[in-house]
file run04.cif (mmCIF, C-alpha atoms)
data_query
#
loop_
_atom_site.label_atom_id
_atom_site.label_comp_id
_atom_site.auth_asym_id
_atom_site.auth_seq_id
_atom_site.Cartn_x
_atom_site.Cartn_y
_atom_site.Cartn_z
CA MET X 48 90.93 92.52 103.58
CA ALA X 49 92.11 92.55 99.97
CA LEU X 50 94.74 94.98 98.83
CA ASN X 51 93.51 98.14 97.18
CA GLU X 52 93.85 97.53 93.46
CA LYS X 53 93.79 101.29 92.81
CA LEU X 54 97.16 101.44 94.58
CA ARG X 55 98.75 98.83 92.31
CA THR X 56 100.62 100.52 89.50
CA GLY X 57 103.98 99.93 87.87
CA GLN X 58 105.37 102.98 89.65
CA VAL X 59 104.19 101.77 93.06
CA ASP X 60 105.54 98.27 92.36
CA ASP X 61 108.89 99.83 91.45
CA LEU X 62 108.91 101.92 94.62
CA PHE X 63 108.15 98.94 96.85
CA ASP X 64 110.71 96.76 95.05
CA THR X 65 113.26 99.52 95.66
CA ILE X 66 112.35 99.77 99.36
CA LEU X 67 112.89 96.02 99.66
CA LYS X 68 116.49 96.57 98.53
CA ILE X 69 117.29 98.74 101.58
CA GLU X 70 119.83 96.81 103.63
CA ASN X 71 120.01 98.72 106.90
CA ARG X 72 118.67 101.66 108.91
CA GLU X 73 121.29 104.09 107.58
CA GLU X 74 120.28 103.33 103.99
CA ALA X 75 116.63 103.73 104.97
CA TYR X 76 117.34 107.15 106.47
CA LYS X 77 119.17 108.25 103.31
CA PHE X 78 116.51 106.98 100.91
CA PHE X 79 113.48 108.24 102.82
CA GLU X 80 115.07 111.62 103.53
CA ASP X 81 115.51 112.08 99.78
CA LEU X 82 112.09 110.64 98.92
CA CYS X 83 109.86 112.21 101.57
CA THR X 84 109.58 115.44 103.47
CA ILE X 85 110.61 115.36 107.11
CA ALA X 86 106.94 115.91 108.02
CA GLU X 87 105.90 112.86 105.95
CA ILE X 88 108.50 110.65 107.61
CA LYS X 89 107.52 111.88 111.08
CA SER X 90 103.86 111.32 110.27
CA MET X 91 104.50 107.72 109.20
CA ALA X 92 106.66 107.13 112.28
CA GLN X 93 103.91 108.53 114.48
CA ARG X 94 101.27 106.26 112.92
CA TRP X 95 103.54 103.25 113.43
CA ALA X 96 104.06 104.23 117.09
CA VAL X 97 100.28 104.56 117.48
CA ALA X 98 99.74 101.11 115.94
CA ARG X 99 102.25 99.57 118.35
CA LYS X 100 100.62 101.24 121.33
CA LEU X 101 97.11 100.26 120.25
CA ASP X 102 98.31 96.70 119.82
CA ALA X 103 99.74 96.83 123.35
CA GLY X 104 96.32 97.87 124.66
CA GLU X 105 97.17 101.44 125.61
CA THR X 106 94.38 104.00 125.91
CA TYR X 107 93.75 106.82 123.45
CA ILE X 108 94.67 109.36 126.12
CA ASP X 109 98.00 107.69 126.87
CA ILE X 110 98.76 107.25 123.17
CA ALA X 111 97.94 110.89 122.41
CA THR X 112 100.13 112.05 125.30
CA GLU X 113 103.06 109.81 124.42
CA THR X 114 103.04 110.26 120.63
CA GLY X 115 101.45 113.66 120.11
CA ALA X 116 98.94 112.05 117.75
CA SER X 117 95.44 113.44 117.55
CA THR X 118 92.49 111.26 118.47
CA ALA X 119 91.52 111.36 114.78
CA THR X 120 94.89 109.84 113.84
CA ILE X 121 94.59 107.24 116.57
CA SER X 122 91.08 106.34 115.39
CA ARG X 123 92.27 106.07 111.78
CA VAL X 124 95.12 103.74 112.74
CA LYS X 125 92.75 101.65 114.86
CA ARG X 126 90.33 101.38 111.94
CA TYR X 127 93.12 100.12 109.67
CA LEU X 128 94.31 97.71 112.36
CA GLU X 129 90.81 96.24 112.46
CA TYR X 130 89.62 96.57 108.86
CA GLY X 131 92.67 97.37 106.74
CA ALA X 132 94.85 95.19 104.51
CA ASP X 133 96.56 93.63 107.56
CA GLY X 134 99.85 95.39 106.85
CA TYR X 135 100.05 96.73 110.39
CA ARG X 136 99.22 93.28 111.78
CA LEU X 137 101.84 91.56 109.66
CA LEU X 138 104.64 93.83 110.84
CA LEU X 139 103.42 94.05 114.43
CA ASP X 140 103.54 90.26 114.63
CA ARG X 141 106.98 90.15 113.03
CA SER X 142 108.21 92.81 115.46
CA LYS X 143 107.07 90.63 118.37
CA ASP X 144 108.94 87.64 116.97
CA ARG X 145 112.26 89.45 117.28
#

call {"tool": "encode", "arguments": {"input": "run04.cif", "output": "structure tokens"}}
result
Amino acid sequence: MALNEKLRTGQVDDLFDTILKIENREEAYKFFEDLCTIAEIKSMAQRWAVARKLDAGETYIDIATETGASTATISRVKRYLEYGADGYRLLLDRSKDR
């Protein structure tokens, strides 16, 4: 699927270029703690965990139990895995390569 052109702005480009400059996990923690609320970071981490578990073939019930994610969140992540911009797929595949 094509990237959402509504998302592409100079500010978003600058943000993503800045994220690409993060060199390690400690720097990521520092930057994202300043940029996002703790709830936002935890929410993103939860969605990533859900994506990994869906990719591994786990059931909604197991995923909900293990991550605390609602079935609505799990369904949303699954929808983006199947019909999104392939961002999850790209990083899931790279994660497997390591």

call {"tool": "resolve_selection", "arguments": {"input": "run04.cif", "expression": "the PyMOL selection byres ((chain X and resi 93-105) around 7)", "output": "VMD selection string"}}
result
chain X and resid 89 to 92 106 to 107 109 to 110 114 116 121 124 139

call {"tool": "closest_residue", "arguments": {"input": "run04.cif", "among": "X:Asp133, X:Glu113, X:Glu74, X:Glu80", "to": "Asn51 of chain X", "atoms": "all atoms listed in the file"}}
result
X:Asp133

call {"tool": "atom_distance", "arguments": {"input": "run04.cif", "atom1": "atom CA of Thr118 of chain X", "atom2": "atom CA of Leu137 of chain X"}}
result
23.5 Å

call {"tool": "atom_distance", "arguments": {"input": "run04.cif", "atom1": "atom CA of Phe63 of chain X", "atom2": "atom CA of Cys83 of chain X"}}
result
14.2 Å

call {"tool": "atom_distance", "arguments": {"input": "run04.cif", "atom1": "atom CA of Gly57 of chain X", "atom2": "atom CA of Glu129 of chain X"}}
result
28.1 Å

call {"tool": "residues_around", "arguments": {"input": "run04.cif", "residues": "Phe79 of chain X", "least_positions_apart": "6", "cutoff": "10 Å", "atoms": "only C-alpha atoms", "output": "number ranges by chain"}}
result
X: 66, 85, 87-88
